[in-house]
file final.pdb (PDB, C-alpha atoms, pLDDT in the B column)
ATOM      1  CA  MET A   1      30.471   6.372 103.025  1.00 52.00           C
ATOM      2  CA  ILE A   2      27.959   6.667 105.853  1.00 57.00           C
ATOM      3  CA  PHE A   3      25.222   6.202 103.325  1.00 59.00           C
ATOM      4  CA  PHE A   4      26.760   2.976 102.072  1.00 64.00           C
ATOM      5  CA  ARG A   5      27.151   1.503 105.527  1.00 68.00           C
ATOM      6  CA  LYS A   6      23.560   2.294 106.305  1.00 65.00           C
ATOM      7  CA  LYS A   7      22.494   0.692 103.074  1.00 66.00           C
ATOM      8  CA  ALA A   8      24.528  -2.438 103.840  1.00 69.00           C
ATOM      9  CA  ARG A   9      22.921  -2.718 107.243  1.00 70.00           C
ATOM     10  CA  GLU A  10      19.458  -2.396 105.774  1.00 70.00           C
ATOM     11  CA  VAL A  11      20.190  -5.072 103.211  1.00 64.00           C
ATOM     12  CA  ALA A  12      21.463  -7.442 105.922  1.00 65.00           C
ATOM     13  CA  ALA A  13      18.321  -6.864 107.933  1.00 68.00           C
ATOM     14  CA  LEU A  14      16.111  -7.994 105.043  1.00 71.00           C
ATOM     15  CA  GLU A  15      14.642 -11.449 105.317  1.00 67.00           C
ATOM     16  CA  VAL A  16      15.462 -14.069 102.750  1.00 66.00           C
ATOM     17  CA  PRO A  17      12.290 -15.424 101.085  1.00 66.00           C
ATOM     18  CA  PRO A  18      11.494 -19.108 101.676  1.00 66.00           C
ATOM     19  CA  PRO A  19      12.447 -21.665  99.008  1.00 64.00           C
ATOM     20  CA  PRO A  20       9.639 -22.994  96.782  1.00 61.00           C
ATOM     21  CA  GLU A  21       7.782 -26.029  98.044  1.00 61.00           C
ATOM     22  CA  GLU A  22       8.122 -27.987  94.800  1.00 59.00           C
ATOM     23  CA  GLU A  23      11.072 -27.703  92.579  1.00 56.00           C
ATOM     24  CA  ILE A  24      10.131 -26.726  89.079  1.00 57.00           C
ATOM     25  CA  GLU A  25      11.620 -29.112  86.643  1.00 60.00           C
ATOM     26  CA  ILE A  26      12.377 -27.711  83.230  1.00 58.00           C
ATOM     27  CA  LYS A  27      12.104 -30.521  80.780  1.00 59.00           C
ATOM     28  CA  ALA A  28      13.472 -30.479  77.297  1.00 61.00           C
ATOM     29  CA  ILE A  29      10.926 -30.916  74.532  1.00 57.00           C
ATOM     30  CA  PRO A  30      11.220 -34.448  73.163  1.00 57.00           C
ATOM     31  CA  LYS A  31      12.332 -34.642  69.567  1.00 56.00           C
ATOM     32  CA  GLU A  32       9.245 -36.594  68.473  1.00 55.00           C
ATOM     33  CA  GLU A  33       6.990 -33.762  69.590  1.00 53.00           C
ATOM     34  CA  ILE A  34       8.721 -31.250  67.314  1.00 55.00           C
ATOM     35  CA  LYS A  35       6.841 -31.803  64.143  1.00 56.00           C
ATOM     36  CA  VAL A  36       7.661 -28.564  62.459  1.00 57.00           C
ATOM     37  CA  LYS A  37      11.072 -28.045  60.987  1.00 59.00           C
ATOM     38  CA  PRO A  38      12.732 -24.696  61.613  1.00 57.00           C
ATOM     39  CA  GLU A  39      12.715 -23.780  57.899  1.00 58.00           C
ATOM     40  CA  GLU A  40       8.957 -24.455  57.786  1.00 60.00           C
ATOM     41  CA  ILE A  41       8.199 -22.157  60.625  1.00 56.00           C
ATOM     42  CA  GLU A  42       8.037 -19.151  58.323  1.00 54.00           C
ATOM     43  CA  LYS A  43       5.621 -20.963  56.053  1.00 58.00           C
ATOM     44  CA  ILE A  44       3.113 -21.745  58.749  1.00 56.00           C
ATOM     45  CA  GLU A  45       0.115 -19.545  58.519  1.00 59.00           C
ATOM     46  CA  VAL A  46      -0.986 -18.335  61.837  1.00 57.00           C
ATOM     47  CA  PRO A  47      -4.704 -17.681  61.865  1.00 61.00           C
ATOM     48  CA  ALA A  48      -5.372 -14.020  62.256  1.00 64.00           C
ATOM     49  CA  PRO A  49      -7.172 -12.946  65.375  1.00 62.00           C
ATOM     50  CA  PRO A  50     -10.829 -12.232  64.877  1.00 65.00           C
ATOM     51  CA  ALA A  51     -11.332  -8.774  63.510  1.00 67.00           C
ATOM     52  CA  PRO A  52     -13.155  -6.337  65.685  1.00 61.00           C
ATOM     53  CA  GLU A  53     -16.633  -5.582  64.608  1.00 64.00           C
ATOM     54  CA  ILE A  54     -16.732  -2.615  62.289  1.00 65.00           C
ATOM     55  CA  LYS A  55     -19.443  -0.186  62.970  1.00 61.00           C
ATOM     56  CA  PRO A  56     -21.127   1.225  59.907  1.00 60.00           C
ATOM     57  CA  LYS A  57     -19.845   4.695  59.109  1.00 58.00           C
ATOM     58  CA  PRO A  58     -22.256   7.558  59.072  1.00 59.00           C
ATOM     59  CA  PRO A  59     -23.296   8.511  55.528  1.00 57.00           C
ATOM     60  CA  VAL A  60     -20.751  10.802  53.838  1.00 57.00           C
ATOM     61  CA  LYS A  61     -22.083  14.038  52.583  1.00 53.00           C
ATOM     62  CA  VAL A  62     -21.338  14.290  48.889  1.00 53.00           C
ATOM     63  CA  ALA A  63     -20.456  17.693  47.528  1.00 53.00           C
ATOM     64  CA  PRO A  64     -23.141  18.976  45.240  1.00 49.00           C
ATOM     65  CA  LYS A  65     -22.482  18.886  41.506  1.00 51.00           C
ATOM     66  CA  LYS A  66     -21.473  21.977  39.598  1.00 47.00           C
ATOM     67  CA  GLU A  67     -24.968  22.562  38.401  1.00 47.00           C
ATOM     68  CA  GLU A  68     -26.278  22.280  41.916  1.00 48.00           C
ATOM     69  CA  ILE A  69     -23.854  24.798  43.395  1.00 48.00           C
ATOM     70  CA  LYS A  70     -25.728  27.795  44.245  1.00 51.00           C
ATOM     71  CA  VAL A  71     -23.614  30.889  44.160  1.00 49.00           C
ATOM     72  CA  MET A  72     -24.649  34.105  45.698  1.00 54.00           C
ATOM     73  CA  PRO A  73     -25.772  36.479  42.965  1.00 53.00           C
ATOM     74  CA  GLU A  74     -23.087  39.103  43.652  1.00 54.00           C
ATOM     75  CA  LYS A  75     -20.347  36.430  43.656  1.00 52.00           C
ATOM     76  CA  ALA A  76     -21.742  34.831  40.536  1.00 50.00           C
ATOM     77  CA  GLU A  77     -21.394  38.135  38.738  1.00 53.00           C
ATOM     78  CA  LYS A  78     -17.740  38.317  39.788  1.00 51.00           C
ATOM     79  CA  ILE A  79     -17.095  34.768  38.565  1.00 50.00           C
ATOM     80  CA  LYS A  80     -18.785  35.501  35.285  1.00 50.00           C
ATOM     81  CA  VAL A  81     -16.530  38.488  34.828  1.00 53.00           C
ATOM     82  CA  ARG A  82     -13.408  36.583  35.849  1.00 58.00           C
ATOM     83  CA  ALA A  83     -13.723  33.544  33.573  1.00 70.00           C
ATOM     84  CA  PRO A  84     -13.291  35.397  30.270  1.00 76.00           C
ATOM     85  CA  GLU A  85     -10.407  37.331  31.813  1.00 78.00           C
ATOM     86  CA  VAL A  86      -8.650  34.075  32.629  1.00 76.00           C
ATOM     87  CA  GLU A  87      -9.367  32.768  29.192  1.00 80.00           C
ATOM     88  CA  GLU A  88      -8.037  35.963  27.670  1.00 82.00           C
ATOM     89  CA  LEU A  89      -4.898  35.732  29.791  1.00 78.00           C
ATOM     90  CA  GLU A  90      -4.368  32.113  28.814  1.00 78.00           C
ATOM     91  CA  ARG A  91      -4.850  32.985  25.190  1.00 82.00           C
ATOM     92  CA  GLU A  92      -2.331  35.785  25.507  1.00 83.00           C
ATOM     93  CA  ILE A  93       0.180  33.432  27.117  1.00 76.00           C
ATOM     94  CA  VAL A  94      -0.336  30.850  24.382  1.00 77.00           C
ATOM     95  CA  GLU A  95       0.086  33.511  21.731  1.00 82.00           C
ATOM     96  CA  GLU A  96       3.265  34.777  23.326  1.00 78.00           C
ATOM     97  CA  GLU A  97       4.688  31.281  23.635  1.00 71.00           C
ATOM     98  CA  LYS A  98       3.717  30.483  20.085  1.00 72.00           C
ATOM     99  CA  GLU A  99       5.367  33.627  18.777  1.00 76.00           C
ATOM    100  CA  GLU A 100       8.490  32.906  20.752  1.00 66.00           C
ATOM    101  CA  PHE A 101       8.569  29.323  19.525  1.00 63.00           C
ATOM    102  CA  GLU A 102       8.013  30.383  15.936  1.00 66.00           C
ATOM    103  CA  ALA A 103      10.737  32.984  16.250  1.00 65.00           C
ATOM    104  CA  LEU A 104      13.085  30.369  17.654  1.00 58.00           C
ATOM    105  CA  LYS A 105      12.139  27.951  14.919  1.00 55.00           C
ATOM    106  CA  GLU A 106      12.611  30.558  12.223  1.00 56.00           C
ATOM    107  CA  HIS A 107      15.884  31.539  13.753  1.00 50.00           C
ATOM    108  CA  LYS A 108      16.991  27.931  13.682  1.00 56.00           C
ATOM    109  CA  VAL A 109      15.804  27.146  10.190  1.00 56.00           C
ATOM    110  CA  VAL A 110      16.374  30.339   8.258  1.00 62.00           C
ATOM    111  CA  LYS A 111      20.032  30.978   8.030  1.00 69.00           C
ATOM    112  CA  PRO A 112      21.397  33.383   5.514  1.00 75.00           C
ATOM    113  CA  VAL A 113      23.330  31.387   2.963  1.00 84.00           C
ATOM    114  CA  PHE A 114      25.795  33.156   0.756  1.00 89.00           C
ATOM    115  CA  VAL A 115      27.232  31.770  -2.453  1.00 86.00           C
ATOM    116  CA  ARG A 116      30.060  33.238  -4.439  1.00 90.00           C
ATOM    117  CA  LEU A 117      28.883  35.269  -7.407  1.00 91.00           C
ATOM    118  CA  GLU A 118      30.867  33.138  -9.896  1.00 91.00           C
ATOM    119  CA  THR A 119      29.384  29.935  -8.522  1.00 90.00           C
ATOM    120  CA  TYR A 120      25.935  31.469  -8.496  1.00 90.00           C
ATOM    121  CA  SER A 121      26.266  32.592 -12.140  1.00 93.00           C
ATOM    122  CA  ALA A 122      27.550  29.180 -13.200  1.00 94.00           C
ATOM    123  CA  ALA A 123      24.695  27.488 -11.346  1.00 91.00           C
ATOM    124  CA  ILE A 124      22.132  29.773 -12.986  1.00 92.00           C
ATOM    125  CA  GLU A 125      23.651  29.103 -16.415  1.00 95.00           C
ATOM    126  CA  GLU A 126      23.599  25.344 -15.851  1.00 94.00           C
ATOM    127  CA  LEU A 127      20.065  25.578 -14.616  1.00 91.00           C
ATOM    128  CA  MET A 128      18.981  27.450 -17.730  1.00 95.00           C
ATOM    129  CA  LEU A 129      20.714  24.878 -19.931  1.00 96.00           C
ATOM    130  CA  SER A 130      19.076  22.073 -18.007  1.00 93.00           C
ATOM    131  CA  ARG A 131      15.708  23.740 -18.463  1.00 92.00           C
ATOM    132  CA  THR A 132      16.251  24.046 -22.205  1.00 95.00           C
ATOM    133  CA  MET A 133      17.362  20.435 -22.450  1.00 93.00           C
ATOM    134  CA  ALA A 134      14.447  19.244 -20.369  1.00 91.00           C
ATOM    135  CA  LYS A 135      12.127  21.132 -22.711  1.00 94.00           C
ATOM    136  CA  GLU A 136      13.799  19.536 -25.733  1.00 95.00           C
ATOM    137  CA  VAL A 137      13.566  16.067 -24.220  1.00 91.00           C
ATOM    138  CA  SER A 138       9.942  16.667 -23.371  1.00 91.00           C
ATOM    139  CA  GLU A 139       9.244  17.693 -26.974  1.00 95.00           C
ATOM    140  CA  ALA A 140      11.136  14.633 -28.216  1.00 93.00           C
ATOM    141  CA  ALA A 141       9.025  12.428 -25.967  1.00 90.00           C
ATOM    142  CA  LYS A 142       5.925  14.100 -27.369  1.00 95.00           C
ATOM    143  CA  ARG A 143       7.134  13.406 -30.911  1.00 96.00           C
ATOM    144  CA  LEU A 144       7.883   9.804 -29.959  1.00 91.00           C
ATOM    145  CA  ILE A 145       4.386   9.371 -28.597  1.00 93.00           C
ATOM    146  CA  GLU A 146       2.989  10.750 -31.864  1.00 96.00           C
ATOM    147  CA  THR A 147       5.198   8.345 -33.806  1.00 94.00           C
ATOM    148  CA  ARG A 148       3.989   5.555 -31.548  1.00 93.00           C
ATOM    149  CA  ASP A 149       0.384   6.441 -32.372  1.00 96.00           C
ATOM    150  CA  LEU A 150       1.184   6.396 -36.065  1.00 96.00           C
ATOM    151  CA  GLN A 151       3.053   3.123 -35.642  1.00 93.00           C
ATOM    152  CA  LYS A 152       0.089   1.648 -33.851  1.00 95.00           C
ATOM    153  CA  LYS A 153      -2.164   2.611 -36.759  1.00 96.00           C
ATOM    154  CA  GLU A 154       0.320   1.121 -39.231  1.00 95.00           C
ATOM    155  CA  TYR A 155       0.445  -2.092 -37.220  1.00 94.00           C
ATOM    156  CA  GLU A 156      -3.323  -2.254 -37.282  1.00 96.00           C
ATOM    157  CA  ASN A 157      -3.332  -1.767 -41.075  1.00 96.00           C
ATOM    158  CA  TRP A 158      -0.643  -4.374 -41.416  1.00 93.00           C
ATOM    159  CA  GLN A 159      -2.659  -6.812 -39.307  1.00 94.00           C
ATOM    160  CA  LYS A 160      -5.715  -6.168 -41.478  1.00 96.00           C
ATOM    161  CA  THR A 161      -3.742  -6.763 -44.670  1.00 93.00           C
ATOM    162  CA  LEU A 162      -2.279  -9.972 -43.290  1.00 91.00           C
ATOM    163  CA  PHE A 163      -5.706 -11.127 -42.204  1.00 94.00           C
ATOM    164  CA  ASP A 164      -7.053 -10.444 -45.702  1.00 95.00           C
ATOM    165  CA  ALA A 165      -4.147 -12.382 -47.202  1.00 90.00           C
ATOM    166  CA  GLN A 166      -4.838 -15.246 -44.780  1.00 91.00           C
ATOM    167  CA  LYS A 167      -8.544 -15.297 -45.762  1.00 94.00           C
ATOM    168  CA  LYS A 168      -7.644 -15.352 -49.435  1.00 91.00           C
ATOM    169  CA  LEU A 169      -5.144 -18.141 -48.873  1.00 88.00           C
ATOM    170  CA  ILE A 170      -7.788 -20.167 -47.075  1.00 91.00           C
ATOM    171  CA  PHE A 171     -10.188 -19.525 -49.940  1.00 92.00           C
ATOM    172  CA  VAL A 172      -7.590 -20.633 -52.525  1.00 86.00           C
ATOM    173  CA  ASP A 173      -6.791 -23.705 -50.447  1.00 87.00           C
ATOM    174  CA  LYS A 174     -10.449 -24.634 -50.213  1.00 91.00           C
ATOM    175  CA  THR A 175     -10.997 -23.983 -53.921  1.00 89.00           C
ATOM    176  CA  LEU A 176      -8.005 -26.021 -55.030  1.00 83.00           C
ATOM    177  CA  PHE A 177      -7.955 -28.873 -52.577  1.00 83.00           C
ATOM    178  CA  GLY A 178     -11.545 -29.069 -51.536  1.00 82.00           C
TER     179      GLY A 178
ATOM    180  CA  MET B   1      37.373  40.686  -3.322  1.00 82.00           C
ATOM    181  CA  PRO B   2      34.865  37.910  -3.906  1.00 84.00           C
ATOM    182  CA  ILE B   3      31.225  38.918  -4.095  1.00 83.00           C
ATOM    183  CA  TYR B   4      28.657  36.697  -2.442  1.00 86.00           C
ATOM    184  CA  VAL B   5      25.023  36.290  -3.308  1.00 84.00           C
ATOM    185  CA  LYS B   6      22.537  35.646  -0.556  1.00 85.00           C
ATOM    186  CA  ILE B   7      20.181  32.775  -1.274  1.00 82.00           C
ATOM    187  CA  ASP B   8      16.911  32.686   0.614  1.00 79.00           C
ATOM    188  CA  GLU B   9      15.178  29.347   1.076  1.00 81.00           C
ATOM    189  CA  TYR B  10      18.409  27.514   0.451  1.00 82.00           C
ATOM    190  CA  LYS B  11      16.973  24.373   2.045  1.00 83.00           C
ATOM    191  CA  ASP B  12      13.954  24.448  -0.274  1.00 85.00           C
ATOM    192  CA  VAL B  13      16.237  24.737  -3.272  1.00 85.00           C
ATOM    193  CA  LEU B  14      18.249  21.757  -2.053  1.00 87.00           C
ATOM    194  CA  ASP B  15      15.069  19.727  -1.539  1.00 90.00           C
ATOM    195  CA  LEU B  16      13.861  20.633  -5.019  1.00 89.00           C
ATOM    196  CA  LEU B  17      17.190  19.659  -6.526  1.00 90.00           C
ATOM    197  CA  ASN B  18      16.965  16.306  -4.777  1.00 93.00           C
ATOM    198  CA  MET B  19      13.471  15.837  -6.145  1.00 93.00           C
ATOM    199  CA  ILE B  20      14.674  16.675  -9.652  1.00 91.00           C
ATOM    200  CA  LYS B  21      17.510  14.174  -9.277  1.00 94.00           C
ATOM    201  CA  ASN B  22      15.058  11.488  -8.216  1.00 95.00           C
ATOM    202  CA  LYS B  23      12.784  12.285 -11.159  1.00 93.00           C
ATOM    203  CA  LEU B  24      15.732  12.124 -13.551  1.00 92.00           C
ATOM    204  CA  ALA B  25      16.753   8.736 -12.179  1.00 95.00           C
ATOM    205  CA  GLU B  26      13.161   7.556 -12.646  1.00 95.00           C
ATOM    206  CA  ALA B  27      13.143   8.901 -16.233  1.00 92.00           C
ATOM    207  CA  LYS B  28      16.421   7.136 -16.902  1.00 94.00           C
ATOM    208  CA  GLU B  29      14.989   3.847 -15.694  1.00 96.00           C
ATOM    209  CA  LEU B  30      11.886   4.329 -17.852  1.00 94.00           C
ATOM    210  CA  LEU B  31      14.015   5.108 -20.884  1.00 92.00           C
ATOM    211  CA  SER B  32      16.003   1.962 -20.286  1.00 96.00           C
ATOM    212  CA  ARG B  33      12.761  -0.035 -20.115  1.00 96.00           C
ATOM    213  CA  ILE B  34      11.524   1.620 -23.340  1.00 93.00           C
ATOM    214  CA  ASN B  35      14.816   0.723 -25.000  1.00 95.00           C
ATOM    215  CA  GLU B  36      14.371  -2.889 -23.936  1.00 97.00           C
ATOM    216  CA  LEU B  37      10.846  -2.895 -25.354  1.00 95.00           C
ATOM    217  CA  LYS B  38      12.121  -1.361 -28.583  1.00 94.00           C
ATOM    218  CA  ASN B  39      14.745  -4.092 -28.880  1.00 96.00           C
ATOM    219  CA  GLU B  40      12.042  -6.713 -28.346  1.00 96.00           C
ATOM    220  CA  GLU B  41       9.924  -4.986 -30.965  1.00 94.00           C
ATOM    221  CA  ASP B  42      12.823  -4.935 -33.434  1.00 96.00           C
ATOM    222  CA  ALA B  43      13.390  -8.653 -32.909  1.00 96.00           C
ATOM    223  CA  GLU B  44       9.694  -9.303 -33.441  1.00 95.00           C
ATOM    224  CA  LEU B  45       9.673  -7.176 -36.586  1.00 94.00           C
ATOM    225  CA  GLU B  46      12.644  -9.131 -37.889  1.00 96.00           C
ATOM    226  CA  LEU B  47      10.732 -12.364 -37.300  1.00 96.00           C
ATOM    227  CA  TRP B  48       7.672 -10.985 -39.056  1.00 93.00           C
ATOM    228  CA  HIS B  49       9.812  -9.873 -41.951  1.00 95.00           C
ATOM    229  CA  SER B  50      11.373 -13.296 -42.407  1.00 96.00           C
ATOM    230  CA  GLY B  51       7.905 -14.873 -42.032  1.00 93.00           C
ATOM    231  CA  ILE B  52       6.489 -12.637 -44.752  1.00 92.00           C
ATOM    232  CA  GLU B  53       9.399 -13.409 -47.029  1.00 95.00           C
ATOM    233  CA  GLU B  54       8.878 -17.125 -46.506  1.00 94.00           C
ATOM    234  CA  ILE B  55       5.170 -16.803 -47.259  1.00 90.00           C
ATOM    235  CA  GLU B  56       6.043 -14.792 -50.364  1.00 92.00           C
ATOM    236  CA  LYS B  57       8.374 -17.551 -51.558  1.00 94.00           C
ATOM    237  CA  LYS B  58       5.755 -20.203 -50.977  1.00 90.00           C
ATOM    238  CA  ILE B  59       3.069 -18.232 -52.794  1.00 88.00           C
ATOM    239  CA  GLU B  60       5.492 -17.686 -55.652  1.00 91.00           C
ATOM    240  CA  PHE B  61       6.096 -21.406 -55.811  1.00 91.00           C
ATOM    241  CA  VAL B  62       2.380 -22.197 -55.785  1.00 86.00           C
ATOM    242  CA  ASP B  63       1.799 -19.574 -58.446  1.00 87.00           C
ATOM    243  CA  LYS B  64       4.479 -21.054 -60.644  1.00 89.00           C
ATOM    244  CA  ALA B  65       3.334 -24.584 -60.025  1.00 88.00           C
ATOM    245  CA  LEU B  66      -0.237 -23.809 -60.893  1.00 83.00           C
ATOM    246  CA  PHE B  67      -0.117 -21.172 -63.522  1.00 84.00           C
ATOM    247  CA  ARG B  68       3.429 -21.152 -64.940  1.00 82.00           C
ATOM    248  CA  PRO B  69       4.755 -24.702 -64.699  1.00 82.00           C
ATOM    249  CA  SER B  70       7.268 -24.010 -67.471  1.00 82.00           C
ATOM    250  CA  MET B  71       8.971 -21.571 -65.143  1.00 75.00           C
ATOM    251  CA  LEU B  72       9.821 -24.327 -62.686  1.00 72.00           C
TER     252      LEU B  72
END
call {"tool": "encode", "arguments": {"input": "final.pdb", "output": "structure tokens"}}
result
Amino acid sequence: MIFFRKKAREVAALEVPPPPEEEIEIKAIPKEEIKVKPEEIEKIEVPAPPAPEIKPKPPVKVAPKKEEIKVMPEKAEKIKVRAPEVEELEREIVEEEKEEFEALKEHKVVKPVFVRLETYSAAIEELMLSRTMAKEVSEAAKRLIETRDLQKKEYENWQKTLFDAQKKLIFVDKTLFG
Amino acid sequence: MPIYVKIDEYKDVLDLLNMIKNKLAEAKELLSRINELKNEEDAELELWHSGIEEIEKKIEFVDKALFRPSML
């Protein structure tokens, strides 16, 4: 409480600042002066402030190419030894994966299929019959082709005979009727 | 008790059977086409036959007219 009273007294002792000599008049912006519509405000492009001058960067040191890398002789020997090891390891991994994949594939594809003995015997019998019939049909086709060849020859002979008859008819026609 | 027979390469057998079926269908189509051709050939032969017979008749007529007019 004492603190508050003291504070109040101090505040009362403070001098009030003098009023301003000229009153500041806040005028409203006349409507004619507002040329930009509120929806166009977003579209207005405000020119960007001038960019600060960029100082050229110091030249970047490019890492030397593989050929240019100079390896210490003792390290180079180690690297030479390690590369085939890695290759060997990778090859082993690939082989393992391949084997596994093949095994999986085989497991998926090859399934033991069992057929009843009676069905199997009937199928075999039918298959044998089909084979015999196919052989017979094939022989019949062969015979037909042979017959066709003979027929072709006969047709040729027939054509020749007809041609001869035609020639003779022409000759008779010419002889008789000039 | 039924006895079962194990069939290896069951899938291959099925594929082969399908192939045989396709070949048989193809052969059937070809046979049908050959049959059509044979029918066409038969019709042509029939035409030739009638043509030959007609020629024969005409020659016979000419022969009679020229050399055996009494036969007419």
call {"tool": "resolve_selection", "arguments": {"input": "final.pdb", "expression": "the PyMOL selection byres ((chain B and resi 5) around 12)", "output": "ChimeraX atom specification"}}
result
/A:112-121,123 /B:2-4,6-8,10
call {"tool": "interface_residues", "arguments": {"input": "final.pdb", "of": "chain A", "to": "chain B", "cutoff": "12 Å", "atoms": "all atoms listed in the file", "output": "ChimeraX atom specification"}}
result
/A:106,109-121,123,127,130-131,134,137-138,141,144-145,148,151,155,158-159,161-162,165-166,168-169,172-173,176
call {"tool": "write_last_selection", "arguments": {"input": "final.pdb", "atoms": "C-alpha atoms", "output": "PDB file, in the frame of the given file"}}
result
ATOM      1  CA  GLU A 106      12.611  30.558  12.223  1.00 56.00           C
ATOM      2  CA  VAL A 109      15.804  27.146  10.190  1.00 56.00           C
ATOM      3  CA  VAL A 110      16.374  30.339   8.258  1.00 62.00           C
ATOM      4  CA  LYS A 111      20.032  30.978   8.030  1.00 69.00           C
ATOM      5  CA  PRO A 112      21.397  33.383   5.514  1.00 75.00           C
ATOM      6  CA  VAL A 113      23.330  31.387   2.963  1.00 84.00           C
ATOM      7  CA  PHE A 114      25.795  33.156   0.756  1.00 89.00           C
ATOM      8  CA  VAL A 115      27.232  31.770  -2.453  1.00 86.00           C
ATOM      9  CA  ARG A 116      30.060  33.238  -4.439  1.00 90.00           C
ATOM     10  CA  LEU A 117      28.883  35.269  -7.407  1.00 91.00           C
ATOM     11  CA  GLU A 118      30.867  33.138  -9.896  1.00 91.00           C
ATOM     12  CA  THR A 119      29.384  29.935  -8.522  1.00 90.00           C
ATOM     13  CA  TYR A 120      25.935  31.469  -8.496  1.00 90.00           C
ATOM     14  CA  SER A 121      26.266  32.592 -12.140  1.00 93.00           C
ATOM     15  CA  ALA A 123      24.695  27.488 -11.346  1.00 91.00           C
ATOM     16  CA  LEU A 127      20.065  25.578 -14.616  1.00 91.00           C
ATOM     17  CA  SER A 130      19.076  22.073 -18.007  1.00 93.00           C
ATOM     18  CA  ARG A 131      15.708  23.740 -18.463  1.00 92.00           C
ATOM     19  CA  ALA A 134      14.447  19.244 -20.369  1.00 91.00           C
ATOM     20  CA  VAL A 137      13.566  16.067 -24.220  1.00 91.00           C
ATOM     21  CA  SER A 138       9.942  16.667 -23.371  1.00 91.00           C
ATOM     22  CA  ALA A 141       9.025  12.428 -25.967  1.00 90.00           C
ATOM     23  CA  LEU A 144       7.883   9.804 -29.959  1.00 91.00           C
ATOM     24  CA  ILE A 145       4.386   9.371 -28.597  1.00 93.00           C
ATOM     25  CA  ARG A 148       3.989   5.555 -31.548  1.00 93.00           C
ATOM     26  CA  GLN A 151       3.053   3.123 -35.642  1.00 93.00           C
ATOM     27  CA  TYR A 155       0.445  -2.092 -37.220  1.00 94.00           C
ATOM     28  CA  TRP A 158      -0.643  -4.374 -41.416  1.00 93.00           C
ATOM     29  CA  GLN A 159      -2.659  -6.812 -39.307  1.00 94.00           C
ATOM     30  CA  THR A 161      -3.742  -6.763 -44.670  1.00 93.00           C
ATOM     31  CA  LEU A 162      -2.279  -9.972 -43.290  1.00 91.00           C
ATOM     32  CA  ALA A 165      -4.147 -12.382 -47.202  1.00 90.00           C
ATOM     33  CA  GLN A 166      -4.838 -15.246 -44.780  1.00 91.00           C
ATOM     34  CA  LYS A 168      -7.644 -15.352 -49.435  1.00 91.00           C
ATOM     35  CA  LEU A 169      -5.144 -18.141 -48.873  1.00 88.00           C
ATOM     36  CA  VAL A 172      -7.590 -20.633 -52.525  1.00 86.00           C
ATOM     37  CA  ASP A 173      -6.791 -23.705 -50.447  1.00 87.00           C
ATOM     38  CA  LEU A 176      -8.005 -26.021 -55.030  1.00 83.00           C
TER      39      LEU A 176
END
call {"tool": "atom_distance", "arguments": {"input": "final.pdb", "atom1": "CA of Ile55 (chain B)", "atom2": "CA of Lys38 (chain B)"}}
result
25.2 Å
call {"tool": "atom_distance", "arguments": {"input": "final.pdb", "atom1": "CA of Glu126 (chain A)", "atom2": "CA of Leu14 (chain B)"}}
result
15.2 Å
call {"tool": "atom_distance", "arguments": {"input": "final.pdb", "atom1": "CA of Asn18 (chain B)", "atom2": "CA of Lys142 (chain A)"}}
result
25.2 Å
